[in-house]
>>> print(open('run.pdb').read())   # PDB, C-alpha atoms, pLDDT in the B column
ATOM      1  CA  MET A   1      43.894  36.739  -8.968  1.00 48.00           C
ATOM      2  CA  ASN A   2      46.642  34.574 -10.439  1.00 54.00           C
ATOM      3  CA  GLN A   3      48.051  32.079  -7.936  1.00 61.00           C
ATOM      4  CA  PHE A   4      51.550  33.270  -8.891  1.00 65.00           C
ATOM      5  CA  SER A   5      50.884  36.945  -8.226  1.00 63.00           C
ATOM      6  CA  PRO A   6      53.318  38.608  -5.816  1.00 62.00           C
ATOM      7  CA  PRO A   7      51.890  39.436  -2.396  1.00 58.00           C
ATOM      8  CA  THR A   8      50.516  42.911  -1.904  1.00 62.00           C
ATOM      9  CA  LEU A   9      50.489  44.983   1.248  1.00 57.00           C
ATOM     10  CA  ALA A  10      46.954  43.814   1.899  1.00 54.00           C
ATOM     11  CA  THR A  11      47.934  40.136   1.784  1.00 55.00           C
ATOM     12  CA  ALA A  12      51.427  40.328   3.328  1.00 57.00           C
ATOM     13  CA  ARG A  13      51.702  39.216   6.959  1.00 70.00           C
ATOM     14  CA  GLN A  14      53.214  41.470   9.563  1.00 78.00           C
ATOM     15  CA  VAL A  15      56.263  40.032  11.319  1.00 77.00           C
ATOM     16  CA  SER A  16      57.060  41.137  14.845  1.00 84.00           C
ATOM     17  CA  PRO A  17      60.472  42.739  15.469  1.00 86.00           C
ATOM     18  CA  LEU A  18      61.341  39.915  17.868  1.00 89.00           C
ATOM     19  CA  VAL A  19      60.718  37.223  15.235  1.00 90.00           C
ATOM     20  CA  LEU A  20      62.610  39.205  12.596  1.00 90.00           C
ATOM     21  CA  SER A  21      65.582  39.681  14.900  1.00 91.00           C
ATOM     22  CA  ASP A  22      65.575  35.975  15.821  1.00 93.00           C
ATOM     23  CA  ARG A  23      65.598  34.962  12.168  1.00 93.00           C
ATOM     24  CA  LEU A  24      68.459  37.348  11.408  1.00 94.00           C
ATOM     25  CA  ILE A  25      70.513  35.951  14.300  1.00 95.00           C
ATOM     26  CA  THR A  26      69.818  32.391  13.124  1.00 96.00           C
ATOM     27  CA  LEU A  27      71.036  33.356   9.654  1.00 96.00           C
ATOM     28  CA  ALA A  28      74.117  34.988  11.202  1.00 97.00           C
ATOM     29  CA  GLN A  29      74.948  31.783  13.066  1.00 97.00           C
ATOM     30  CA  ALA A  30      74.630  29.753   9.875  1.00 97.00           C
ATOM     31  CA  ALA A  31      76.774  32.249   7.959  1.00 97.00           C
ATOM     32  CA  ASP A  32      79.447  32.127  10.658  1.00 97.00           C
ATOM     33  CA  ARG A  33      79.500  28.308  10.614  1.00 97.00           C
ATOM     34  CA  ALA A  34      79.878  28.434   6.826  1.00 97.00           C
ATOM     35  CA  GLY A  35      82.886  30.737   7.138  1.00 97.00           C
ATOM     36  CA  PHE A  36      81.167  33.979   6.131  1.00 97.00           C
ATOM     37  CA  THR A  37      82.209  35.931   9.204  1.00 96.00           C
ATOM     38  CA  GLY A  38      81.757  39.353   7.592  1.00 96.00           C
ATOM     39  CA  THR A  39      78.240  38.509   6.505  1.00 96.00           C
ATOM     40  CA  ALA A  40      77.484  37.139   9.969  1.00 96.00           C
ATOM     41  CA  GLU A  41      78.605  40.406  11.561  1.00 95.00           C
ATOM     42  CA  GLN A  42      76.416  42.405   9.175  1.00 95.00           C
ATOM     43  CA  LEU A  43      73.411  40.233  10.011  1.00 95.00           C
ATOM     44  CA  VAL A  44      73.976  40.718  13.753  1.00 94.00           C
ATOM     45  CA  THR A  45      74.212  44.478  13.211  1.00 92.00           C
ATOM     46  CA  LEU A  46      70.947  44.361  11.282  1.00 92.00           C
ATOM     47  CA  ALA A  47      69.300  42.254  14.012  1.00 91.00           C
ATOM     48  CA  CYS A  48      70.333  44.862  16.591  1.00 88.00           C
ATOM     49  CA  ALA A  49      69.052  47.663  14.365  1.00 88.00           C
ATOM     50  CA  VAL A  50      65.582  46.125  14.530  1.00 85.00           C
ATOM     51  CA  PHE A  51      65.490  47.297  18.137  1.00 79.00           C
ATOM     52  CA  ASP A  52      67.695  50.366  17.568  1.00 78.00           C
ATOM     53  CA  GLU A  53      70.440  48.875  19.714  1.00 58.00           C
ATOM     54  CA  ALA A  54      74.143  49.077  19.000  1.00 59.00           C
ATOM     55  CA  PRO A  55      75.891  45.715  18.771  1.00 59.00           C
ATOM     56  CA  GLN A  56      78.383  44.965  21.502  1.00 65.00           C
ATOM     57  CA  GLN A  57      81.970  45.825  20.653  1.00 68.00           C
ATOM     58  CA  LYS A  58      84.593  43.102  20.649  1.00 67.00           C
ATOM     59  CA  HIS A  59      86.854  43.143  23.699  1.00 55.00           C
TER      60      HIS A  59
END
>>> encode(input="run.pdb", output="structure tokens")
Amino acid sequence: MNQFSPPTLATARQVSPLVLSDRLITLAQAADRAGFTGTAEQLVTLACAVFDEAPQQKH
């Protein structure tokens, strides 16, 4: 196998939904700090979708 071969399903690691959601929220925070508010909101929506939850509505 070439060391530059893309990972296959057999070699790819499984990531828990909690870790995935945490990483998405971390990215959303960074996007918000950088001024990409729309992107941050999309990332939060995606993080909530990991657990099939609706994001909280703004008051």
>>> atom_distance(input="run.pdb", atom1="atom CA of A:Gln14", atom2="atom CA of A:Ala49")
17.7 Å
>>> resolve_selection(input="run.pdb", expression="the PyMOL selection byres ((chain A and resi 40) around 8)", output="ChimeraX atom specification")
/A:27-32,36-39,41-44
>>> axis_aligned_box(input="run.pdb", around="stretch 37-54 of chain A", padding_each_side="6 Å", output="AutoDock Vina command-line options")
--center_x 73.8 --center_y 43.1 --center_z 13.1 --size_x 28.7 --size_y 26.4 --size_z 25.2
>>> residues_around(input="run.pdb", residues="A:Pro17", least_positions_apart="3", cutoff="10 Å", atoms="all atoms listed in the file", output="ChimeraX atom specification")
/A:14,20-23,47,49-51
